[in-house]
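For reference, my_file-v6.pdb is printed below; it contains PDB, C-alpha atoms.
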ATOM      1  CA  MET C  15       6.850 -19.838  75.357
ATOM      2  CA  ARG C  16       7.452 -17.037  72.996
ATOM      3  CA  LYS C  17      10.920 -16.559  74.430
ATOM      4  CA  TYR C  18      11.797 -20.238  73.775
ATOM      5  CA  PHE C  19      10.496 -20.042  70.222
ATOM      6  CA  LEU C  20      12.697 -17.043  69.443
ATOM      7  CA  LEU C  21      15.711 -18.719  71.054
ATOM      8  CA  SER C  22      15.185 -21.917  69.056
ATOM      9  CA  ALA C  23      14.775 -19.923  65.815
ATOM     10  CA  VAL C  24      18.040 -18.083  66.475
ATOM     11  CA  ALA C  25      19.743 -21.390  67.324
ATOM     12  CA  LEU C  26      18.588 -22.945  64.038
ATOM     13  CA  MET C  27      19.838 -19.967  62.043
ATOM     14  CA  ALA C  28      23.173 -20.036  63.832
ATOM     15  CA  ALA C  29      23.511 -23.757  63.215
ATOM     16  CA  SER C  30      22.777 -23.476  59.489
ATOM     17  CA  THR C  31      25.255 -20.630  58.938
ATOM     18  CA  ALA C  32      27.922 -22.334  60.987
ATOM     19  CA  ASN C  33      28.128 -25.132  58.367
ATOM     20  CA  ALA C  34      27.900 -22.794  55.318
ATOM     21  CA  THR C  35      30.737 -22.572  52.827
ATOM     22  CA  THR C  36      31.531 -19.388  50.943
ATOM     23  CA  GLU C  37      33.006 -19.445  47.448
ATOM     24  CA  TYR C  38      34.013 -16.605  45.192
ATOM     25  CA  ALA C  39      35.380 -15.973  41.748
ATOM     26  CA  GLU C  40      36.921 -13.031  40.020
ATOM     27  CA  VAL C  41      35.378 -12.585  36.573
ATOM     28  CA  THR C  42      37.013 -10.695  33.753
ATOM     29  CA  ALA C  43      34.690  -8.689  31.513
ATOM     30  CA  ARG C  44      35.899  -7.907  28.022
ATOM     31  CA  ALA C  45      34.592  -6.080  24.966
ATOM     32  CA  THR C  46      36.240  -5.531  21.611
ATOM     33  CA  ILE C  47      34.854  -2.524  19.807
ATOM     34  CA  GLU C  48      35.535  -1.723  16.189
ATOM     35  CA  VAL C  49      34.426   1.483  14.564
ATOM     36  CA  ALA C  50      32.951   1.010  11.103
ATOM     37  CA  GLY C  51      33.844   3.395   8.338
ATOM     38  CA  SER C  52      31.187   4.387   5.881
ATOM     39  CA  LEU C  53      30.366   3.043   2.467
ATOM     40  CA  ASP C  54      28.948   5.207  -0.259
ATOM     41  CA  CYS C  55      26.166   3.134  -1.854
ATOM     42  CA  SER C  56      23.687   4.094  -4.525
ATOM     43  CA  ASP C  57      20.062   3.054  -4.108
ATOM     44  CA  MET C  58      18.882  -0.307  -5.414
ATOM     45  CA  ASP C  59      16.111   0.663  -7.824
ATOM     46  CA  PHE C  60      14.186  -2.078  -9.581
ATOM     47  CA  GLY C  61      12.615   0.693 -11.696
ATOM     48  CA  THR C  62       9.040   0.974 -12.893
ATOM     49  CA  ILE C  63       7.675  -2.524 -13.416
ATOM     50  CA  VAL C  64       4.521  -3.175 -15.401
ATOM     51  CA  VAL C  65       2.781  -6.482 -14.700
ATOM     52  CA  LYS C  66      -0.376  -8.031 -16.131
ATOM     53  CA  GLN C  67      -3.602  -7.469 -14.233
ATOM     54  CA  ASN C  68      -4.178 -10.356 -11.775
ATOM     55  CA  ASN C  69      -0.558 -11.366 -12.317
ATOM     56  CA  VAL C  70       0.960 -14.667 -11.244
ATOM     57  CA  ALA C  71       3.959 -14.676  -8.904
ATOM     58  CA  SER C  72       6.784 -12.973 -10.808
ATOM     59  CA  LYS C  73      10.429 -12.106 -10.277
ATOM     60  CA  VAL C  74      12.851  -9.346 -11.310
ATOM     61  CA  TRP C  75      16.619  -9.633 -10.784
ATOM     62  CA  SER C  76      19.928  -8.290 -12.059
ATOM     63  CA  GLU C  77      23.017 -10.227 -12.949
ATOM     64  CA  LEU C  78      26.354  -9.388 -14.478
ATOM     65  CA  ASN C  79      26.554  -9.773 -18.236
ATOM     66  CA  GLY C  80      30.294  -9.419 -18.718
ATOM     67  CA  ASP C  81      31.125  -6.234 -16.820
ATOM     68  CA  PHE C  82      27.638  -4.742 -17.050
ATOM     69  CA  PRO C  83      24.504  -5.393 -14.967
ATOM     70  CA  ASP C  84      21.617  -6.851 -16.931
ATOM     71  CA  THR C  85      18.011  -6.823 -15.621
ATOM     72  CA  GLN C  86      16.086 -10.067 -16.075
ATOM     73  CA  TYR C  87      12.498 -11.031 -15.260
ATOM     74  CA  SER C  88      10.053 -13.924 -15.266
ATOM     75  CA  GLY C  89       6.329 -14.459 -14.749
ATOM     76  CA  ASP C  90       3.808 -11.808 -15.769
ATOM     77  CA  VAL C  91       6.235  -8.874 -16.045
ATOM     78  CA  LEU C  92       5.501  -6.903 -19.219
ATOM     79  CA  SER C  93       8.211  -4.231 -19.008
ATOM     80  CA  ILE C  94      10.799  -2.580 -16.774
ATOM     81  CA  SER C  95      12.127   0.969 -17.129
ATOM     82  CA  ASP C  96      14.660   3.079 -15.218
ATOM     83  CA  ALA C  97      16.166   0.181 -13.238
ATOM     84  CA  SER C  98      19.598   0.659 -11.672
ATOM     85  CA  THR C  99      21.783  -1.617  -9.594
ATOM     86  CA  CYS C 100      23.335  -0.760  -6.255
ATOM     87  CA  ARG C 101      27.018   0.150  -6.339
ATOM     88  CA  CYS C 102      29.035   0.591  -3.123
ATOM     89  CA  ASN C 103      32.377   2.384  -2.956
ATOM     90  CA  ARG C 104      34.671   2.416   0.032
ATOM     91  CA  SER C 105      36.268   5.571   1.379
ATOM     92  CA  SER C 106      39.672   3.797   1.415
ATOM     93  CA  TYR C 107      40.804   2.574  -2.011
ATOM     94  CA  GLN C 108      44.200   0.991  -1.317
ATOM     95  CA  GLN C 109      42.911  -1.904   0.758
ATOM     96  CA  ASN C 110      41.770  -5.362  -0.313
ATOM     97  CA  ILE C 111      38.234  -6.540   0.379
ATOM     98  CA  TYR C 112      38.089  -9.843   2.277
ATOM     99  CA  GLU C 113      34.334 -10.179   2.254
ATOM    100  CA  SER C 114      31.205  -8.162   1.706
ATOM    101  CA  ASP C 115      27.802  -9.022   3.035
ATOM    102  CA  ALA C 116      24.251  -7.746   2.958
ATOM    103  CA  THR C 117      21.044  -8.562   4.744
ATOM    104  CA  SER C 118      19.702 -11.723   3.074
ATOM    105  CA  ALA C 119      16.077 -10.607   2.605
ATOM    106  CA  ILE C 120      13.806  -7.663   3.387
ATOM    107  CA  THR C 121      10.174  -6.685   3.070
ATOM    108  CA  LEU C 122       9.252  -3.602   1.073
ATOM    109  CA  LYS C 123       6.096  -1.797   2.195
ATOM    110  CA  GLY C 124       3.735   0.153  -0.014
ATOM    111  CA  THR C 125       3.876   3.932   0.408
ATOM    112  CA  LYS C 126       0.119   4.356  -0.196
ATOM    113  CA  ASP C 127      -0.849   1.255   1.774
ATOM    114  CA  PRO C 128       1.883  -0.046   4.149
ATOM    115  CA  SER C 129      -0.103  -3.252   4.700
ATOM    116  CA  LYS C 130       0.743  -4.207   1.092
ATOM    117  CA  THR C 131       4.216  -5.735   0.834
ATOM    118  CA  ILE C 132       6.623  -7.350  -1.597
ATOM    119  CA  GLU C 133       9.855  -9.203  -0.839
ATOM    120  CA  VAL C 134      13.460  -8.668  -1.834
ATOM    121  CA  SER C 135      15.456 -11.882  -1.443
ATOM    122  CA  ASN C 136      18.826 -13.352  -2.376
ATOM    123  CA  ILE C 137      20.599 -10.059  -1.614
ATOM    124  CA  HIS C 138      24.260 -10.620  -2.375
ATOM    125  CA  THR C 139      27.410  -8.709  -3.207
ATOM    126  CA  VAL C 140      29.648  -9.101  -6.246
ATOM    127  CA  ARG C 141      33.125  -7.595  -6.349
ATOM    128  CA  GLY C 142      33.470  -4.923  -8.933
ATOM    129  CA  GLY C 143      36.975  -3.505  -8.831
ATOM    130  CA  SER C 144      39.353  -2.585  -6.021
ATOM    131  CA  ALA C 145      37.304   0.399  -4.877
ATOM    132  CA  GLY C 146      33.966  -1.280  -4.348
ATOM    133  CA  PHE C 147      31.347  -3.830  -5.217
ATOM    134  CA  ASN C 148      27.854  -4.275  -6.629
ATOM    135  CA  VAL C 149      24.816  -5.458  -4.682
ATOM    136  CA  PHE C 150      22.264  -7.616  -6.490
ATOM    137  CA  ALA C 151      18.933  -9.057  -5.346
ATOM    138  CA  ASP C 152      15.705 -10.684  -6.503
ATOM    139  CA  LEU C 153      12.423  -8.794  -6.320
ATOM    140  CA  ASP C 154       9.663 -11.319  -5.617
ATOM    141  CA  ILE C 155       6.342  -9.946  -6.871
ATOM    142  CA  PRO C 156       3.317 -11.693  -5.337
ATOM    143  CA  PRO C 157       0.239 -12.731  -7.323
ATOM    144  CA  SER C 158      -2.293  -9.921  -7.913
ATOM    145  CA  VAL C 159       0.129  -7.283  -6.620
ATOM    146  CA  ALA C 160      -1.335  -3.849  -5.818
ATOM    147  CA  ALA C 161      -0.093  -0.829  -7.784
ATOM    148  CA  ASP C 162       2.087   1.233  -5.408
ATOM    149  CA  THR C 163       5.681   2.322  -4.787
ATOM    150  CA  TYR C 164       7.302  -0.127  -2.375
ATOM    151  CA  THR C 165      10.294   0.846  -0.220
ATOM    152  CA  GLY C 166      12.510  -0.617   2.483
ATOM    153  CA  THR C 167      16.123  -0.564   3.653
ATOM    154  CA  PHE C 168      18.868  -3.077   4.374
ATOM    155  CA  THR C 169      22.430  -3.039   5.664
ATOM    156  CA  VAL C 170      25.573  -3.701   3.631
ATOM    157  CA  SER C 171      28.951  -4.300   5.284
ATOM    158  CA  THR C 172      32.438  -5.103   4.116
ATOM    159  CA  VAL C 173      35.609  -6.384   5.784
ATOM    160  CA  TYR C 174      38.936  -5.266   4.365
ATOM    161  CA  GLU C 175      42.567  -4.743   5.378
TER     162      GLU C 175
END

Hey, can you dump this file as structure tokens for me?
Amino acid sequence: MRKYFLLSAVALMAASTANATTEYAEVTARATIEVAGSLDCSDMDFGTIVVKQNNVASKVWSELNGDFPDTQYSGDVLSISDASTCRCNRSSYQQNIYESDATSAITLKGTKDPSKTIEVSNIHTVRGGSAGFNVFADLDIPPSVAADTYTGTFTVSTVYE
């Protein structure tokens, strides 16, 4: 009985492979790799910001006033000192910039207490001469913000010829 079972199992396997169809394809794999040069960018420093105790949601930002960056603020910001905008210069000066881009938003974490955070949003680039560009952003200060130094990083890229 066992012998017949094995023979019938082999016969079924042979029958199913006898009707099988084999297909194949040759697939081309491709990768285009570009090597990025480096930009020389200064830090984006919103400076020392003094807000009212138990502040409401507030905002600090920079914008161009003619050819010069001008720091603006709203909400419960009382003063700002030592603020500086981010300036990026390319290593190659004779080429035209097609576009520049930066991460759109990041979270800054407190250095004393990393669970405390503030947001940087609306990160954008503004051309500033043939050799480089400026990077501007909004600092969104939450209500009742904790006193701390907040830091974080983001990526800036540029495409040029």

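Reported to one decimal place, the separation of CA of Val149 (chain C) from CA of Asn136 (chain C) is 10.2 Å.
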
For this structure, which residues satisfy the selection - the PyMOL selection byres ((chain C and resi 95) around 9) - when it is evaluated on the file as given? I want them as a PyMOL selection string. chain C and resi 60-64+93-94+96-97

Expanded to explicit residues, what is the PyMOL selection byres ((chain C and resi 116-124) around 9) for this file, as a VMD selection string? chain C and resid 114 to 115 125 to 139 149 151 160 to 172

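Interatomic distance, CA of Val159 (chain C) against CA of Thr99 (chain C): 22.6 Å.
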
What does the structure give for the distance between CA of Leu78 (chain C) and CA of Asp90 (chain C), in Å to one decimal? 22.7 Å

Explicit residue set for the PyMOL selection byres ((chain C and resi 89) around 7), as number ranges by chain: C: 70-73, 88, 90-91

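Distances from C:Leu53, C:Val41, C:Val140, C:Val173 to Asn103 (chain C) were compared using only C-alpha atoms, and the smallest one belongs to C:Leu53.
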
Give the centre and edge lengths of an axis-aligned box, in Å to one decimal, that holds all listed atoms of region 74-93 of chain C with 3 Å on each side, as AutoDock Vina command-line options.
--center_x 17.5 --center_y -9.3 --center_z -15.0 --size_x 33.3 --size_y 16.2 --size_z 14.4

Emit region 91-107 of chain C of the structure in the block as a file comprising N, CA, C and O atoms, as a compact mmCIF listing (two decimals), in the first residue's frame.
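Output file out.txt follows:
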# COMPACT_ATOMS: atom_id res chain seq x y z
N VAL C 91 7.51 88.48 23.08
CA VAL C 91 8.96 88.68 23.03
C VAL C 91 9.25 90.10 23.51
O VAL C 91 8.69 91.06 23.01
N LEU C 92 10.14 90.21 24.50
CA LEU C 92 10.52 91.53 25.02
C LEU C 92 11.76 92.08 24.34
O LEU C 92 11.83 93.28 24.07
N SER C 93 12.75 91.22 24.07
CA SER C 93 13.96 91.69 23.40
C SER C 93 14.71 90.53 22.77
O SER C 93 14.52 89.37 23.15
N ILE C 94 15.57 90.87 21.80
CA ILE C 94 16.43 89.92 21.13
C ILE C 94 17.80 90.56 21.01
O ILE C 94 17.91 91.71 20.60
N SER C 95 18.86 89.80 21.37
CA SER C 95 20.22 90.31 21.19
C SER C 95 21.09 89.24 20.55
O SER C 95 20.84 88.05 20.71
N ASP C 96 22.09 89.68 19.82
CA ASP C 96 23.10 88.82 19.19
C ASP C 96 22.53 87.84 18.18
O ASP C 96 23.05 86.73 18.01
N ALA C 97 21.48 88.21 17.47
CA ALA C 97 20.92 87.35 16.42
C ALA C 97 21.74 87.50 15.14
O ALA C 97 22.26 88.58 14.85
N SER C 98 21.89 86.40 14.41
CA SER C 98 22.57 86.46 13.11
C SER C 98 21.92 85.47 12.16
O SER C 98 21.49 84.40 12.56
N THR C 99 21.84 85.86 10.90
CA THR C 99 21.22 84.99 9.91
C THR C 99 22.24 84.01 9.37
O THR C 99 23.44 84.18 9.54
N CYS C 100 21.75 83.00 8.70
CA CYS C 100 22.60 81.98 8.09
C CYS C 100 22.96 82.41 6.68
O CYS C 100 22.08 82.75 5.88
N ARG C 101 24.23 82.40 6.37
CA ARG C 101 24.72 82.73 5.04
C ARG C 101 25.50 81.53 4.51
O ARG C 101 26.36 80.99 5.21
N CYS C 102 25.18 81.08 3.29
CA CYS C 102 25.87 79.95 2.68
C CYS C 102 26.63 80.43 1.45
O CYS C 102 26.08 81.16 0.63
N ASN C 103 27.87 80.02 1.34
CA ASN C 103 28.71 80.34 0.18
C ASN C 103 29.15 79.04 -0.47
O ASN C 103 29.51 78.08 0.21
N ARG C 104 29.13 79.03 -1.78
CA ARG C 104 29.57 77.86 -2.52
C ARG C 104 31.07 77.91 -2.71
O ARG C 104 31.68 78.96 -2.73
N SER C 105 31.66 76.73 -2.93
CA SER C 105 33.09 76.67 -3.19
C SER C 105 33.40 77.09 -4.62
O SER C 105 34.51 77.48 -4.94
N SER C 106 32.42 77.05 -5.53
CA SER C 106 32.61 77.41 -6.93
C SER C 106 31.80 78.68 -7.22
O SER C 106 30.58 78.67 -7.15
N TYR C 107 32.47 79.76 -7.56
CA TYR C 107 31.81 81.06 -7.68
C TYR C 107 31.33 81.39 -9.09
O TYR C 107 30.51 82.25 -9.26
